[in-house]
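*Asks:* The following block contains the structure, expressed as structure tokens.
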Amino acid sequence: MWERIAVFVLRYRWILVGTLVALTVFMAYKASEVKFAYDNPKFIPDDDKEYQAYVDFKKTFGDDGSVFVIGINTPKINHVDFFNTWFDLSEDIQNSEGIQQLLSITNVPYLSRGNEQTIIDGDTFQREVFKQERVIKQRVKSKAELDSLLGVVRNLRFYEGLIYKDSGNFTLMAVTLKKSILDSKKRIPFVRGMVKKVENALEPYNVEGHYSGLPFIRTEFSQRIKEELQLFTLLSIIITAFILLFFFRSFYTLLFAMLVVIIGVIWSFGILVLIGFKITMFTALLPPLIVVIGIANCIYLLNKYHEEYRLHSNQMKSLQRVISKVGIAVFFTNLTTAIGFGVFTLTGSTVLHEFGLNAFLSVMSVFFISIILIPVIFSFLKPPSTRHTKHLENKRLRALIEYLAKVATYNRKTVYITTVIVVALAFIGMSRVQRIGFLVDDISKSEKIYKDLKFFETHMNGVMPFEIVVNSGRDGGISDPSVLRKIDRLERQNLANYDVLSKPISIAQIINFARQALHDGDRRFYRVPGNLELNRIMNLMPSKQGEGGNIMLRSLVDSSNQKARISVQMADIGTKRIRELKKEIYGIADTIFNYTRNETSIPTDSIIEIVFDTSEYADHDTVYHMLSEVSYEPVDSSERMDIHITGTSVIFQKGNDYLIRNLLISLVVAFLIIGLIMATIFTSLRMIMISMIPNIIPLLITAGIMGYFNVALKPSTVLVFSVAFGIAVDFTIHFLSKYRMELRRNQFNIQVSVRKALKETGVSMLYTAVILFFGFVIFSGSSFGGTIALGIFTSITLVVGLLSNLILLPSMLLSYDLAKARQQSKKKPIIQYPDDVA
């Protein structure tokens, strides 16, 4: 079949080139429409219960990841000039288009009592309600005025731990972005514009601004992805070009090989648009990979072309044999590489599905581009000169190949013992690998974005959303005083004990805030009221949305008052600790909300007589305050409240676990599929195992190295194994294809066949390995830890894979029984290779 394909390609080369040019123009047009993804990457399938609960949470309460925080820690906040600058900055940002809400020490609201007009049956009534007013309405004029106003602000306990700390000079500005900005390309210039405003305002005072929150982190990630896509694509082209020029010493070879990979990159972007995807952190890795894979194809094809021409000096015959003899091997190497990527479509993750499908189609496209362009272009050029084929006689490379052949032939025992020892050490290292991921562990600890995150964790315990939803099970249930007390108890007595959780915001805290306002700002009354006082507070809530307490309540309770949200920010503690924290809080919450102690409960139908000796109290208001705190908790053992923990941090933890599990499954699937491909070459199970072992060992060694260097198992590191395995097995396919041909030519003499196969394919394998190594190692210059890990560990795996295929695989073949080789050679493979034809 491949002989006919070769004849077709060379006979109809003009038509094929014209078609390829037309398709490339079309792909370039589609590539111009490529877009970046600005929304949160989704790693969990839509039918996952945790994800469905998170979607329901966002529908009820809004997005939990829309707050951009700006923090400072300086005593200058107590100086009039700096405070006024901070005031002006807050006003400027708040009035910007795209800002939903801003909370700062300069604009904190308090609750006062005023009148509201209410119309009932056409009659207008006046009723007393809470009114929301700003403590600081304008720039301050004196130090005395500033101290007085800051004293009022610090007296409002609701804000302590949220926007300021009593124990220091820390304060922050919490900026909530609108949805239209949050998930669009406008977010990058918008957020960076705000940062620029802050920097310009703080620079004259020599005060450092700190920035964090999911909008800021996502903005930095998106911009870096954009920058690194261009950088690494350019670097991969430059590096591979230099290596190619060094090996082949021909500018024509360099020029047309580069043409192949550039067309391949254009096609990868075009395919991305055609299948309706956008550029993400993962798909941004693809163009540099296409460059490396395309160059590897060119090396195998050009080496074969030069070898054939050197044998018989017939250019067209050489090009025909390039397609007919090497074409199928290159096809299968590209197929196995594509499968290494393609199995990501089985993970159930939207992001990895997009990456896997786009990578599979792009890799196979680069094969067809290579197999058409290289033979056709060189058919129009002059035959290669002696200078161009001189690289095939490189003495150092030949000496290295000869040395490896001797090791495999005469030192097999040493090879096996060394392999066993290395694998044993790898298993020890693997036992140390931990499965853990962090929201921002892809960022270097030396970068400002990471340092700023730790700044907020130090001063307010974190900025990552962690949400607890309390479902009372009935309309209006959240207004029940017993439920409010339970929420308050969970917050004060339990959540407050965790140094990785910030101060919570909930309906209970709002009611406490309102109670303090009811008592003229007295800090002592910042706690949950009793039944009588609660009714009074609820009656003081304004009926109009956007006024008084309602502006805060509407994002903390649902419209039916059945569900309440306890909103907490947490430190980036890693997926392992998040799992433990969830379990602990579920246990605590279940005890608080679903089990009522008998000794503190009073049946609802009981008559309660309470006697106070008030003779010692001259102030009757004090007696009222005592009575207002009297309440009871009804016991209903059949009514159990539902508690659910969600939020971006929880979804990240679930997504991380889900990805790791499914990536490992996809790796097994890749093994099976590539094993079936091997079965088309050798129908013997024993030979299939021999061909797979040299490619599994590098993965074990890489996992062992990860364990020794404390590199955690996370999505970015699990990717290494599927990608590297799919590429490393290419060495095996090229070697075994040549070995099978030599076995028949040399009367089943295994030793001679192995040595000849090693000498002919070894040079191309070394060339390809060098290209692949440098093509992946450039990712170590990334600002993302995951990309760095992908680059370093894939490079290590490929180098070990090369050595394994050049030393261990020949050793195993030489140990293979001669009789078995004869028996195997008589079996007709599923796919007939051209080199098998006598």
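For the structure tokens, the naming scheme is as follows: chains receive sequential letters (A, B, ...) according to their order of presentation, residues are indexed from 1 within each chain, and ligands are indexed from 1 in presentation order.
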Can you build me a table of region 710-814 of chain A residues sitting at most 9 Å from region 657-666 of chain A, with the closest atom pair per residue and its distance in Å to one decimal, using only C-alpha atoms, sorted by chain and residue number, as a tab-separated table?
*Replies:*
residue	atom	partner	partner_atom	distance
A:Leu713	CA	A:Ile660	CA	7.6
A:Lys714	CA	A:Ile660	CA	6.2
A:Pro715	CA	A:Ile660	CA	5.6
A:Val718	CA	A:Leu663	CA	6.6
A:Leu719	CA	A:Leu663	CA	7.2
A:Phe721	CA	A:Leu664	CA	8.8
A:Ser722	CA	A:Ser666	CA	7.7
*Asks:* Generate a file of the selected residues that holds N, CA, C and O atoms, formatted as a PDB file, in the first residue's frame.
*Replies:*
ATOM      1  N   LEU A 713       2.277  14.841  43.091  1.00  0.00           N
ATOM      2  CA  LEU A 713       1.484  14.348  41.970  1.00  0.00           C
ATOM      3  C   LEU A 713       0.269  15.253  41.818  1.00  0.00           C
ATOM      4  O   LEU A 713      -0.582  15.332  42.703  1.00  0.00           O
ATOM      5  N   LYS A 714       0.213  15.976  40.731  1.00  0.00           N
ATOM      6  CA  LYS A 714      -0.875  16.906  40.452  1.00  0.00           C
ATOM      7  C   LYS A 714      -1.115  16.878  38.945  1.00  0.00           C
ATOM      8  O   LYS A 714      -0.361  16.241  38.197  1.00  0.00           O
ATOM      9  N   PRO A 715      -2.170  17.520  38.453  1.00  0.00           N
ATOM     10  CA  PRO A 715      -2.477  17.418  37.020  1.00  0.00           C
ATOM     11  C   PRO A 715      -1.312  17.738  36.106  1.00  0.00           C
ATOM     12  O   PRO A 715      -1.072  17.033  35.127  1.00  0.00           O
ATOM     13  N   VAL A 718       1.143  14.768  36.241  1.00  0.00           N
ATOM     14  CA  VAL A 718       0.596  13.530  35.682  1.00  0.00           C
ATOM     15  C   VAL A 718       0.592  13.596  34.158  1.00  0.00           C
ATOM     16  O   VAL A 718       0.762  12.577  33.472  1.00  0.00           O
ATOM     17  N   LEU A 719       0.419  14.801  33.607  1.00  0.00           N
ATOM     18  CA  LEU A 719       0.456  14.979  32.158  1.00  0.00           C
ATOM     19  C   LEU A 719       1.750  14.441  31.558  1.00  0.00           C
ATOM     20  O   LEU A 719       1.756  13.942  30.432  1.00  0.00           O
ATOM     21  N   PHE A 721       3.470  11.850  32.073  1.00  0.00           N
ATOM     22  CA  PHE A 721       3.569  10.413  31.793  1.00  0.00           C
ATOM     23  C   PHE A 721       2.888  10.030  30.484  1.00  0.00           C
ATOM     24  O   PHE A 721       3.440   9.264  29.691  1.00  0.00           O
ATOM     25  N   SER A 722       1.687  10.568  30.248  1.00  0.00           N
ATOM     26  CA  SER A 722       0.999  10.243  28.995  1.00  0.00           C
ATOM     27  C   SER A 722       1.729  10.832  27.800  1.00  0.00           C
ATOM     28  O   SER A 722       1.906  10.163  26.770  1.00  0.00           O
TER      29      SER A 722
END
*Asks:* Between A:Thr347, A:Leu814, A:Leu319, A:Arg192, which residue has the minimum interatomic distance to Arg11 (chain A), considering only C-alpha atoms?
*Replies:*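 Smallest distance to Arg11 (chain A) is found for A:Leu319.
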*Asks:* Mind giving me the straight-line distance from CA of Ala757 (chain A) to CA of Ala399 (chain A) in Å, one decimal?
*Replies:*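 So the answer is 15.1 Å.
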*Asks:* Can you tell me, as an NGL selection string, what residues are no more than 12 Å from Val754 (chain A) when counting only C-alpha atoms, ignoring any on the same chain fewer than 4 positions away?
*Replies:* :A and (401-402 or 404-406 or 408-409 or 735-746 or 748-750 or 758-762 or 805-816)
*Asks:* Using only N, CA, C and O atoms, please write the residues we just selected to a file, as a short mmCIF file (atom, residue, chain, number, x, y, z; two decimals), in the first residue's frame.
*Replies:*
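Result saved to part_4.cif:
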data_model
loop_
_atom_site.label_atom_id
_atom_site.label_comp_id
_atom_site.auth_asym_id
_atom_site.auth_seq_id
_atom_site.Cartn_x
_atom_site.Cartn_y
_atom_site.Cartn_z
N ILE A 401 27.28 4.80 18.85
CA ILE A 401 26.35 3.72 18.49
C ILE A 401 27.05 2.36 18.59
O ILE A 401 26.48 1.38 19.09
N GLU A 402 28.30 2.31 18.14
CA GLU A 402 29.07 1.05 18.20
C GLU A 402 29.30 0.63 19.65
O GLU A 402 29.20 -0.56 19.99
N LEU A 404 27.37 1.38 22.24
CA LEU A 404 26.09 0.92 22.77
C LEU A 404 25.78 -0.49 22.27
O LEU A 404 25.22 -1.32 23.02
N ALA A 405 26.13 -0.76 21.03
CA ALA A 405 25.91 -2.10 20.48
C ALA A 405 26.74 -3.14 21.22
O ALA A 405 26.27 -4.25 21.51
N LYS A 406 27.98 -2.79 21.56
CA LYS A 406 28.83 -3.72 22.31
C LYS A 406 28.28 -3.96 23.72
O LYS A 406 28.31 -5.08 24.23
N ALA A 408 25.15 -3.78 24.66
CA ALA A 408 23.96 -4.64 24.54
C ALA A 408 24.32 -6.08 24.19
O ALA A 408 23.63 -7.02 24.58
N THR A 409 25.43 -6.26 23.47
CA THR A 409 25.81 -7.60 23.01
C THR A 409 26.58 -8.38 24.07
O THR A 409 26.29 -9.56 24.33
N PHE A 735 12.97 1.47 15.81
CA PHE A 735 14.00 0.43 15.97
C PHE A 735 13.46 -0.94 15.59
O PHE A 735 14.10 -1.69 14.85
N LEU A 736 12.26 -1.28 16.09
CA LEU A 736 11.72 -2.62 15.82
C LEU A 736 11.33 -2.79 14.35
O LEU A 736 11.39 -3.91 13.81
N SER A 737 10.88 -1.71 13.70
CA SER A 737 10.56 -1.80 12.27
C SER A 737 11.81 -2.20 11.48
O SER A 737 11.77 -3.07 10.61
N LYS A 738 12.92 -1.54 11.79
CA LYS A 738 14.17 -1.85 11.11
C LYS A 738 14.69 -3.23 11.51
O LYS A 738 15.20 -3.99 10.68
N TYR A 739 14.53 -3.56 12.78
CA TYR A 739 14.99 -4.86 13.28
C TYR A 739 14.26 -6.01 12.56
O TYR A 739 14.89 -7.01 12.17
N ARG A 740 12.97 -5.86 12.37
CA ARG A 740 12.21 -6.93 11.71
C ARG A 740 12.70 -7.14 10.29
O ARG A 740 12.81 -8.27 9.82
N MET A 741 12.99 -6.05 9.59
CA MET A 741 13.50 -6.17 8.22
C MET A 741 14.87 -6.86 8.20
O MET A 741 15.10 -7.78 7.41
N GLU A 742 15.75 -6.44 9.12
CA GLU A 742 17.09 -7.01 9.16
C GLU A 742 17.06 -8.48 9.57
O GLU A 742 17.90 -9.28 9.13
N LEU A 743 16.09 -8.84 10.39
CA LEU A 743 15.97 -10.23 10.84
C LEU A 743 15.75 -11.15 9.65
O LEU A 743 16.37 -12.23 9.55
N ARG A 744 14.92 -10.76 8.71
CA ARG A 744 14.65 -11.59 7.54
C ARG A 744 15.83 -11.56 6.56
O ARG A 744 16.14 -12.55 5.92
N ARG A 745 16.46 -10.40 6.45
CA ARG A 745 17.57 -10.28 5.52
C ARG A 745 18.80 -11.07 5.96
O ARG A 745 19.61 -11.49 5.14
N ASN A 746 18.95 -11.26 7.26
CA ASN A 746 20.16 -11.88 7.81
C ASN A 746 19.90 -13.29 8.35
O ASN A 746 20.54 -13.71 9.31
N PHE A 748 17.65 -14.65 10.13
CA PHE A 748 17.22 -14.74 11.54
C PHE A 748 18.40 -14.68 12.52
O PHE A 748 18.30 -15.19 13.63
N ASN A 749 19.51 -14.09 12.09
CA ASN A 749 20.65 -13.89 12.98
C ASN A 749 20.35 -12.66 13.85
O ASN A 749 20.47 -11.52 13.38
N ILE A 750 19.97 -12.94 15.08
CA ILE A 750 19.50 -11.86 15.95
C ILE A 750 20.62 -10.87 16.24
O ILE A 750 20.42 -9.65 16.18
N LEU A 758 20.46 -1.12 14.96
CA LEU A 758 20.93 -0.07 15.88
C LEU A 758 21.78 0.96 15.14
O LEU A 758 21.64 2.17 15.37
N LYS A 759 22.63 0.49 14.24
CA LYS A 759 23.49 1.42 13.51
C LYS A 759 22.68 2.32 12.57
O LYS A 759 23.01 3.49 12.40
N GLU A 760 21.65 1.78 11.93
CA GLU A 760 20.91 2.58 10.96
C GLU A 760 19.92 3.53 11.64
O GLU A 760 19.77 4.68 11.23
N THR A 761 19.21 3.05 12.65
CA THR A 761 18.20 3.90 13.28
C THR A 761 18.76 4.71 14.44
O THR A 761 18.15 5.70 14.86
N GLY A 762 19.92 4.31 14.97
CA GLY A 762 20.48 4.99 16.13
C GLY A 762 20.75 6.46 15.91
O GLY A 762 20.48 7.30 16.78
N ASN A 805 15.87 2.38 25.04
CA ASN A 805 15.64 1.77 23.72
C ASN A 805 16.94 1.47 22.98
O ASN A 805 16.96 0.61 22.10
N LEU A 806 18.02 2.17 23.34
CA LEU A 806 19.30 1.91 22.68
C LEU A 806 20.12 0.84 23.39
O LEU A 806 21.02 0.26 22.79
N ILE A 807 19.82 0.56 24.67
CA ILE A 807 20.62 -0.41 25.42
C ILE A 807 19.76 -1.59 25.88
O ILE A 807 20.06 -2.74 25.58
N LEU A 808 18.69 -1.29 26.64
CA LEU A 808 17.90 -2.38 27.22
C LEU A 808 17.13 -3.15 26.15
O LEU A 808 17.10 -4.39 26.17
N LEU A 809 16.50 -2.44 25.21
CA LEU A 809 15.71 -3.13 24.17
C LEU A 809 16.59 -4.05 23.32
O LEU A 809 16.23 -5.24 23.14
N PRO A 810 17.73 -3.62 22.81
CA PRO A 810 18.59 -4.57 22.07
C PRO A 810 19.04 -5.73 22.95
O PRO A 810 19.15 -6.87 22.47
N SER A 811 19.34 -5.47 24.22
CA SER A 811 19.77 -6.56 25.12
C SER A 811 18.67 -7.59 25.27
O SER A 811 18.94 -8.81 25.23
N MET A 812 17.44 -7.16 25.41
CA MET A 812 16.32 -8.09 25.57
C MET A 812 16.09 -8.86 24.28
O MET A 812 15.77 -10.07 24.31
N LEU A 813 16.25 -8.19 23.14
CA LEU A 813 16.08 -8.89 21.86
C LEU A 813 17.16 -9.95 21.67
O LEU A 813 16.89 -11.05 21.16
N LEU A 814 18.39 -9.63 22.09
CA LEU A 814 19.48 -10.59 21.97
C LEU A 814 19.30 -11.78 22.90
O LEU A 814 19.81 -12.87 22.63
N SER A 815 18.57 -11.56 23.98
CA SER A 815 18.30 -12.67 24.91
C SER A 815 17.11 -13.50 24.45
O SER A 815 16.81 -14.54 25.03
N TYR A 816 16.43 -13.00 23.44
CA TYR A 816 15.24 -13.68 22.92
C TYR A 816 15.68 -14.95 22.18
O TYR A 816 16.59 -14.93 21.35
#
*Asks:* Write out as a VMD selection string the residues lying within 8 Å of region 37-46 of chain A, counting only C-alpha atoms and excluding same-chain residues fewer than 6 positions away.
*Replies:* chain A and resid 52 182 to 185 218 222 278 to 280 348 to 352 654 to 656 658 to 659
*Asks:* In Å, with one decimal, what is the gap from CA of Gly71 (chain A) to CA of Leu202 (chain A)?
*Replies:*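 Here the two named atoms are 11.3 Å from each other.
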*Asks:* Between A:Thr106, A:Thr283, A:Thr333, A:Thr171, which residue has the minimum interatomic distance to Thr768 (chain A), considering only C-alpha atoms?
*Replies:* A:Thr333
